[in-house]
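A.B. asks: Following this message is one structure expressed as structure tokens.
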Amino acid sequence: MFYIVGLGLSDEKDITVRGLEAVKSSVRVYLEAYTSILMVQKERLEEFYGKPLIVADRDMVETQSDDILHNAHTDDVALLVVGDPFGATTHTDILLRARALGIPTRVIHNASIMNAVGACGLQLYNFGQSVSLVFFTETWKPDSFYDRVRENADLGMHTLILLDIKVKEQSEENLARGRKIYEPPRYMSIPQAVSQLADVEETRRAGVLVPERTLAIALSRVGGGPENERIVCGTLAELAEQPLEVFGKPLHSLVIVGRRLHHLEAEYASTFAVDSTTWRDVAQSVYGCNFD
């Protein structure tokens, strides 16, 4: 059996009972380590699970899946992923490969940012399409995400933006020269994300992400408890002015608030506002939110 097991969002104790049973029954256990990260090191997981973990980077998962699936016809093999198994297309791909080989598969779900984002007070059924925001370079500034945000905005829906991470990535030069030299890990911060959004708005000028008139909510380490979790909301302009430490440690996500904002959503989120007066004023004057 080939298992893909969701680990949840925080630490070694977020795994489900069913997921832990799959780990303990497996002869090999892989830890996917590039689409997201947990808040604890691999050694903490190994101690709790009672199993050694094989770190599976992008190259292994995407190009060496046969090694991962080896003997999964007869033995239990598990791939552990942060959040929920279907949070990344990579995991769908390896499941399809396993099924093509006739290997029995099982997915064990867990919490992910896609549902835990509700911690900020916005209702999940008011979210539209989620998008990813990648690190811009001097020569590459993809802005197709803006169209999805605009489509959501036209419907009054909130948009969850997943911020880029770079783990075991090669520079363009090393990639071109075929050198297995990797850059240090990088995690996009909230100020950098807001800056990139402002740049795209300046180019597109559709009024979707005007910094002073757009409410947003920054989240980090959701589910990690009060010592780790951070939720900060305000206008994009306000978020851009905050020091990095306000937003906590990575990983970070950003929600663009939709115009169908309900007054209970706005009231709940105001608890996390940089300035609750400004938050309520913009919610009322721009979003038409009635607090009476």
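Chain labels follow the order of the structure tokens: the first chain is A, the next B, and so on; residue numbering restarts at 1 in every chain, and ligands are counted from 1 in their shown order.
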Applying 8 Å and only C-alpha atoms, which residues near Val257 in chain A remain after dropping the ones on its own chain fewer than 4 positions away? List them as a list in words.

C.D. replies: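 Selected residues are Met157, His158, Thr159, Thr214, Leu215, Ala216, Ile217 and Leu261 of chain A.
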
A.B. asks: Now that the selection is made, can you save its residues with N, CA and C atoms as a CSV table (one decimal), in the first residue's frame?

C.D. replies:
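Result saved to selection06.csv:
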chain,number,residue,atom,x,y,z
A,157,MET,N,-15.8,38.1,-3.4
A,157,MET,CA,-15.2,36.9,-2.7
A,157,MET,C,-13.8,37.3,-2.1
A,158,HIS,N,-13.5,36.7,-1.0
A,158,HIS,CA,-12.1,36.8,-0.5
A,158,HIS,C,-11.2,35.9,-1.3
A,159,THR,N,-9.9,36.3,-1.3
A,159,THR,CA,-8.8,35.6,-2.0
A,159,THR,C,-7.7,35.2,-1.1
A,214,THR,N,-7.9,48.7,0.1
A,214,THR,CA,-8.0,47.3,0.1
A,214,THR,C,-7.7,46.7,1.5
A,215,LEU,N,-8.6,46.0,2.1
A,215,LEU,CA,-8.4,45.4,3.4
A,215,LEU,C,-7.8,44.0,3.1
A,216,ALA,N,-6.8,43.7,4.0
A,216,ALA,CA,-6.1,42.4,3.9
A,216,ALA,C,-5.8,41.8,5.3
A,217,ILE,N,-5.6,40.5,5.3
A,217,ILE,CA,-5.3,39.9,6.6
A,217,ILE,C,-4.0,39.0,6.3
A,261,LEU,N,-18.0,41.5,2.3
A,261,LEU,CA,-17.6,41.4,3.7
A,261,LEU,C,-18.8,41.6,4.6

A.B. asks: Using only C-alpha atoms, determine which residues lie at most 12 Å from Leu7 in chain A, disregarding the query and same-chain residues fewer than 4 positions distant; provide the list as a ChimeraX atom specification.

C.D. replies: /A:11-20,22-23,31-33,36-40,45,49,78-87,107-112

A.B. asks: Keeping only N, CA and C atoms, take the residues you just selected and write them out as a tab-separated table (two decimals), in the first residue's frame.

C.D. replies:
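To be explicit, this is the file written out as part25.tsv:
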chain	number	residue	atom	x	y	z
A	11	ASP	N	3.08	20.73	14.40
A	11	ASP	CA	4.21	19.94	14.87
A	11	ASP	C	3.91	18.44	14.78
A	12	GLU	N	4.73	17.63	15.48
A	12	GLU	CA	4.62	16.18	15.36
A	12	GLU	C	3.30	15.63	15.88
A	13	LYS	N	2.62	16.38	16.73
A	13	LYS	CA	1.38	15.88	17.34
A	13	LYS	C	0.13	16.15	16.50
A	14	ASP	N	0.29	16.82	15.37
A	14	ASP	CA	-0.87	17.12	14.52
A	14	ASP	C	-1.28	15.95	13.63
A	15	ILE	N	-0.45	14.94	13.52
A	15	ILE	CA	-0.81	13.79	12.70
A	15	ILE	C	-2.05	13.11	13.29
A	16	THR	N	-2.91	12.55	12.44
A	16	THR	CA	-4.09	11.85	12.94
A	16	THR	C	-3.70	10.46	13.45
A	17	VAL	N	-4.58	9.85	14.21
A	17	VAL	CA	-4.34	8.48	14.69
A	17	VAL	C	-4.20	7.54	13.50
A	18	ARG	N	-5.07	7.69	12.51
A	18	ARG	CA	-5.00	6.84	11.32
A	18	ARG	C	-3.69	7.05	10.56
A	19	GLY	N	-3.25	8.31	10.50
A	19	GLY	CA	-1.99	8.60	9.84
A	19	GLY	C	-0.81	7.99	10.56
A	20	LEU	N	-0.83	8.06	11.89
A	20	LEU	CA	0.26	7.48	12.69
A	20	LEU	C	0.30	5.96	12.52
A	22	ALA	N	-0.51	4.35	9.83
A	22	ALA	CA	0.09	4.11	8.52
A	22	ALA	C	1.60	4.27	8.57
A	23	VAL	N	2.06	5.28	9.29
A	23	VAL	CA	3.51	5.49	9.43
A	23	VAL	C	4.17	4.30	10.10
A	31	LEU	N	9.51	12.06	3.88
A	31	LEU	CA	9.00	13.36	4.30
A	31	LEU	C	9.21	14.36	3.18
A	32	GLU	N	8.11	14.73	2.55
A	32	GLU	CA	8.19	15.72	1.45
A	32	GLU	C	8.54	17.07	2.05
A	33	ALA	N	9.59	17.70	1.53
A	33	ALA	CA	10.18	18.84	2.22
A	33	ALA	C	10.37	20.06	1.33
A	36	SER	N	6.00	22.82	1.52
A	36	SER	CA	5.69	23.52	2.75
A	36	SER	C	6.64	23.03	3.84
A	37	ILE	N	6.54	23.63	5.04
A	37	ILE	CA	7.38	23.23	6.15
A	37	ILE	C	6.54	23.15	7.43
A	38	LEU	N	6.98	22.30	8.35
A	38	LEU	CA	6.40	22.26	9.68
A	38	LEU	C	7.18	23.21	10.60
A	39	MET	N	6.73	23.33	11.84
A	39	MET	CA	7.38	24.22	12.80
A	39	MET	C	8.42	23.51	13.64
A	40	VAL	N	8.66	22.22	13.34
A	40	VAL	CA	9.64	21.45	14.10
A	40	VAL	C	10.57	20.74	13.14
A	45	LEU	N	9.97	14.66	14.66
A	45	LEU	CA	9.01	13.76	14.04
A	45	LEU	C	9.44	12.31	14.21
A	49	TYR	N	7.21	9.52	15.98
A	49	TYR	CA	6.66	8.46	15.13
A	49	TYR	C	7.34	7.11	15.35
A	78	ALA	N	5.03	5.10	2.95
A	78	ALA	CA	4.29	6.33	3.26
A	78	ALA	C	5.06	7.56	2.81
A	79	LEU	N	4.34	8.51	2.26
A	79	LEU	CA	4.87	9.84	1.94
A	79	LEU	C	4.14	10.84	2.82
A	80	LEU	N	4.88	11.53	3.67
A	80	LEU	CA	4.30	12.50	4.59
A	80	LEU	C	4.37	13.89	3.98
A	81	VAL	N	3.26	14.62	4.04
A	81	VAL	CA	3.23	15.97	3.48
A	81	VAL	C	2.64	16.92	4.52
A	82	VAL	N	3.16	18.13	4.56
A	82	VAL	CA	2.64	19.14	5.49
A	82	VAL	C	1.26	19.59	5.02
A	83	GLY	N	0.35	19.77	5.96
A	83	GLY	CA	-1.01	20.16	5.60
A	83	GLY	C	-1.80	18.96	5.14
A	84	ASP	N	-2.52	19.12	4.04
A	84	ASP	CA	-3.33	18.04	3.47
A	84	ASP	C	-2.69	17.52	2.19
A	85	PRO	N	-2.81	16.22	1.91
A	85	PRO	CA	-2.15	15.66	0.73
A	85	PRO	C	-2.52	16.32	-0.59
A	86	PHE	N	-3.74	16.84	-0.71
A	86	PHE	CA	-4.14	17.43	-1.97
A	86	PHE	C	-3.92	18.93	-2.03
A	87	GLY	N	-3.03	19.43	-1.18
A	87	GLY	CA	-2.69	20.84	-1.21
A	87	GLY	C	-1.70	21.20	-2.29
A	107	VAL	N	-5.17	7.83	0.82
A	107	VAL	CA	-4.89	9.20	1.24
A	107	VAL	C	-5.47	9.42	2.63
A	108	ILE	N	-4.66	9.97	3.53
A	108	ILE	CA	-5.12	10.26	4.89
A	108	ILE	C	-5.04	11.77	5.09
A	109	HIS	N	-6.20	12.39	5.22
A	109	HIS	CA	-6.29	13.84	5.20
A	109	HIS	C	-5.93	14.47	6.55
A	110	ASN	N	-5.73	15.79	6.50
A	110	ASN	CA	-5.44	16.56	7.70
A	110	ASN	C	-5.76	18.02	7.43
A	111	ALA	N	-5.60	18.87	8.44
A	111	ALA	CA	-5.86	20.29	8.29
A	111	ALA	C	-4.81	20.93	7.38
A	112	SER	N	-5.21	21.96	6.66
A	112	SER	CA	-4.29	22.75	5.85
A	112	SER	C	-4.69	24.21	5.95

A.B. asks: Using only C-alpha atoms, which residues sit within 10 Å of Pro250 in chain A once same-chain residues fewer than 4 positions away are excluded, as a ChimeraX atom specification?

C.D. replies: /A:37-39,163,165,186-190,219-221,228-230

A.B. asks: Would you mind exporting the chosen residues as an mmCIF file, in the first residue's frame, restricted to C-alpha atoms?

C.D. replies:
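This went into part_28.cif:
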data_model
loop_
_atom_site.group_PDB
_atom_site.id
_atom_site.type_symbol
_atom_site.label_atom_id
_atom_site.label_comp_id
_atom_site.auth_asym_id
_atom_site.auth_seq_id
_atom_site.Cartn_x
_atom_site.Cartn_y
_atom_site.Cartn_z
ATOM 1 C CA ILE A 37 7.380 23.232 6.150
ATOM 2 C CA LEU A 38 6.398 22.259 9.684
ATOM 3 C CA MET A 39 7.377 24.224 12.798
ATOM 4 C CA LEU A 163 3.296 33.147 -0.582
ATOM 5 C CA ILE A 165 8.955 29.503 -0.627
ATOM 6 C CA ARG A 186 13.870 31.789 1.302
ATOM 7 C CA TYR A 187 10.340 32.493 2.463
ATOM 8 C CA MET A 188 8.328 35.417 1.130
ATOM 9 C CA SER A 189 7.423 37.944 3.803
ATOM 10 C CA ILE A 190 4.195 39.915 4.062
ATOM 11 C CA LEU A 219 -1.415 34.989 8.695
ATOM 12 C CA SER A 220 1.558 32.974 9.837
ATOM 13 C CA ARG A 221 1.980 29.608 11.562
ATOM 14 C CA ASN A 228 3.635 30.927 17.169
ATOM 15 C CA GLU A 229 0.439 31.962 15.404
ATOM 16 C CA ARG A 230 0.145 35.532 14.124
#

A.B. asks: For Asp292 in chain A, list every protein, DNA or RNA residue within 10 Å, evaluated using only C-alpha atoms, and leave out those in the same chain fewer than 2 positions away; present the list as a list in words.

C.D. replies: His263, Cys289 and Asn290 of chain A

A.B. asks: Grab the residues selected above and save them as a PDB file, in the first residue's frame with N, CA, C and O atoms.

C.D. replies:
ATOM      1  N   HIS A 263     -20.657  42.014   8.316  1.00  0.00           N
ATOM      2  CA  HIS A 263     -20.261  42.797   9.489  1.00  0.00           C
ATOM      3  C   HIS A 263     -19.724  41.907  10.614  1.00  0.00           C
ATOM      4  O   HIS A 263     -18.855  42.334  11.394  1.00  0.00           O
ATOM      5  N   CYS A 289     -19.918  47.926   4.725  1.00  0.00           N
ATOM      6  CA  CYS A 289     -20.209  47.081   5.868  1.00  0.00           C
ATOM      7  C   CYS A 289     -20.962  47.889   6.925  1.00  0.00           C
ATOM      8  O   CYS A 289     -20.492  48.955   7.344  1.00  0.00           O
ATOM      9  N   ASN A 290     -22.100  47.382   7.349  1.00  0.00           N
ATOM     10  CA  ASN A 290     -22.921  48.091   8.336  1.00  0.00           C
ATOM     11  C   ASN A 290     -22.748  47.448   9.710  1.00  0.00           C
ATOM     12  O   ASN A 290     -23.126  46.307   9.928  1.00  0.00           O
TER      13      ASN A 290
END

A.B. asks: Could you list, as a ChimeraX atom specification, every residue within 9 Å of Ala240 in chain A, counting only C-alpha atoms and ignoring same-chain residues fewer than 6 positions away?

C.D. replies: /A:190-195,211

A.B. asks: Got a sec: who's within 8 Å of Val149 in chain A, counting only C-alpha atoms, leaving out chain neighbours fewer than 3 positions off, as a list of chain:residue names?

C.D. replies: A:Gln129, A:Val131, A:Phe145, A:Tyr146, A:Asn152, A:Ala153, A:Thr159, A:Val208

A.B. asks: Mind the document's chain letters and residue numbers, and return as a PyMOL selection string the residues of range 171-277 of chain A that DSSP labels strand (DSSP E or B).

C.D. replies: chain A and resi 186-187+215-220+230-235+252-256+273

A.B. asks: So that I can check the secondary structure, give me every residue of range 156-239 of chain A assigned helix (DSSP H, G or I) by backbone DSSP, as a VMD selection string.

C.D. replies: chain A and resid 172 to 177 190 to 204 236 to 239

A.B. asks: What would the file look like if the residues just selected were written as a CSV table (one decimal), in the first residue's frame with N, CA, C and O atoms?

C.D. replies:
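Dumped to result.csv:
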chain,number,residue,atom,x,y,z
A,172,GLU,N,19.9,30.6,-11.5
A,172,GLU,CA,19.8,30.4,-13.0
A,172,GLU,C,21.2,30.0,-13.6
A,172,GLU,O,21.3,29.1,-14.4
A,173,GLU,N,22.3,30.5,-13.0
A,173,GLU,CA,23.6,30.2,-13.5
A,173,GLU,C,23.9,28.7,-13.2
A,173,GLU,O,24.4,28.0,-14.1
A,174,ASN,N,23.7,28.3,-12.0
A,174,ASN,CA,24.1,27.0,-11.6
A,174,ASN,C,23.2,26.0,-12.3
A,174,ASN,O,23.6,24.9,-12.7
A,175,LEU,N,21.9,26.3,-12.5
A,175,LEU,CA,21.0,25.5,-13.3
A,175,LEU,C,21.5,25.3,-14.7
A,175,LEU,O,21.5,24.2,-15.2
A,176,ALA,N,21.9,26.4,-15.3
A,176,ALA,CA,22.3,26.4,-16.7
A,176,ALA,C,23.6,25.6,-16.9
A,176,ALA,O,23.8,24.9,-17.9
A,177,ARG,N,24.5,25.6,-15.8
A,177,ARG,CA,25.8,24.9,-15.9
A,177,ARG,C,25.7,23.5,-15.3
A,177,ARG,O,26.7,22.8,-15.4
A,190,ILE,N,5.4,39.1,4.4
A,190,ILE,CA,4.2,39.9,4.1
A,190,ILE,C,4.6,41.3,3.4
A,190,ILE,O,4.0,41.6,2.4
A,191,PRO,N,5.5,42.0,3.9
A,191,PRO,CA,5.8,43.3,3.3
A,191,PRO,C,6.3,43.1,1.8
A,191,PRO,O,5.9,43.9,0.9
A,192,GLN,N,7.1,42.1,1.5
A,192,GLN,CA,7.5,41.8,0.2
A,192,GLN,C,6.3,41.5,-0.7
A,192,GLN,O,6.2,42.0,-1.8
A,193,ALA,N,5.4,40.7,-0.2
A,193,ALA,CA,4.2,40.3,-1.0
A,193,ALA,C,3.3,41.6,-1.3
A,193,ALA,O,2.9,41.8,-2.4
A,194,VAL,N,3.1,42.4,-0.3
A,194,VAL,CA,2.3,43.6,-0.5
A,194,VAL,C,3.0,44.5,-1.5
A,194,VAL,O,2.3,45.1,-2.3
A,195,SER,N,4.3,44.6,-1.4
A,195,SER,CA,5.1,45.4,-2.4
A,195,SER,C,4.9,44.9,-3.8
A,195,SER,O,4.7,45.7,-4.7
A,196,GLN,N,4.9,43.6,-4.0
A,196,GLN,CA,4.7,43.1,-5.3
A,196,GLN,C,3.3,43.3,-5.8
A,196,GLN,O,3.1,43.6,-7.0
A,197,LEU,N,2.3,43.2,-4.9
A,197,LEU,CA,0.9,43.4,-5.3
A,197,LEU,C,0.8,44.8,-5.7
A,197,LEU,O,0.0,45.1,-6.7
A,198,ALA,N,1.4,45.8,-5.0
A,198,ALA,CA,1.3,47.2,-5.4
A,198,ALA,C,1.9,47.4,-6.7
A,198,ALA,O,1.4,48.2,-7.5
A,199,ASP,N,3.0,46.8,-7.0
A,199,ASP,CA,3.7,46.9,-8.3
A,199,ASP,C,2.7,46.5,-9.5
A,199,ASP,O,2.6,47.1,-10.5
A,200,VAL,N,2.1,45.3,-9.2
A,200,VAL,CA,1.2,44.8,-10.3
A,200,VAL,C,0.0,45.7,-10.4
A,200,VAL,O,-0.5,46.0,-11.5
A,201,GLU,N,-0.6,46.2,-9.3
A,201,GLU,CA,-1.7,47.2,-9.4
A,201,GLU,C,-1.3,48.4,-10.2
A,201,GLU,O,-2.1,48.9,-11.0
A,202,GLU,N,-0.1,48.9,-10.0
A,202,GLU,CA,0.4,50.1,-10.7
A,202,GLU,C,0.4,49.8,-12.2
A,202,GLU,O,0.2,50.7,-13.0
A,203,THR,N,0.7,48.6,-12.6
A,203,THR,CA,0.8,48.2,-14.0
A,203,THR,C,-0.6,48.0,-14.6
A,203,THR,O,-1.0,48.5,-15.6
A,204,ARG,N,-1.4,47.2,-13.8
A,204,ARG,CA,-2.7,46.8,-14.3
A,204,ARG,C,-3.8,48.0,-14.2
A,204,ARG,O,-4.7,48.1,-15.0
A,236,LEU,N,-3.8,47.3,2.9
A,236,LEU,CA,-2.5,46.9,2.3
A,236,LEU,C,-1.4,47.9,2.6
A,236,LEU,O,-0.3,47.6,2.9
A,237,ALA,N,-1.8,49.2,2.6
A,237,ALA,CA,-0.8,50.2,2.9
A,237,ALA,C,-0.4,50.1,4.4
A,237,ALA,O,0.8,50.3,4.7
A,238,GLU,N,-1.3,49.8,5.3
A,238,GLU,CA,-0.9,49.6,6.7
A,238,GLU,C,0.1,48.4,6.9
A,238,GLU,O,1.0,48.5,7.6
A,239,LEU,N,-0.3,47.3,6.2
A,239,LEU,CA,0.6,46.1,6.4
A,239,LEU,C,2.0,46.4,5.8
A,239,LEU,O,3.0,45.8,6.4

A.B. asks: Could you tell me how far CA of His252 in chain A lies from CA of Ile113 in chain A, in Å and to one decimal?

C.D. replies: 10.0 Å

A.B. asks: Using only C-alpha atoms, determine which residues lie at most 10 Å from Val29 in chain A, disregarding the query and same-chain residues fewer than 5 positions distant; provide the list as a PyMOL selection string.

C.D. replies: chain A and resi 3-4+22-24+46+51-56+68+76-80

A.B. asks: May I ask which of the residues A:Trp279, A:Phe136, A:Phe2, A:Phe272 is the closest one to Phe247 in chain A, counting only C-alpha atoms?

C.D. replies: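 When distances to Phe247 in chain A are compared using only C-alpha atoms, the smallest one comes from A:Phe272.
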
A.B. asks: CA of Glu21 in chain A to CA of Glu62 in chain A: how many Å, to one decimal?

C.D. replies: 26.0 Å

A.B. asks: Using only C-alpha atoms for the distances, tell me which of A:Glu183, A:Glu241, A:Asp275, A:Asp147 is nearest to Val167 in chain A.

C.D. replies: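 Comparing A:Glu183, A:Glu241, A:Asp275, A:Asp147 against Val167 in chain A, the winner is A:Glu183.
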
A.B. asks: Just to confirm, what's the straight-line distance from CA of Tyr182 in chain A to CA of Leu162 in chain A in Å (one decimal)?

C.D. replies: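 For CA of Tyr182 in chain A relative to CA of Leu162 in chain A, the distance reads 22.9 Å.
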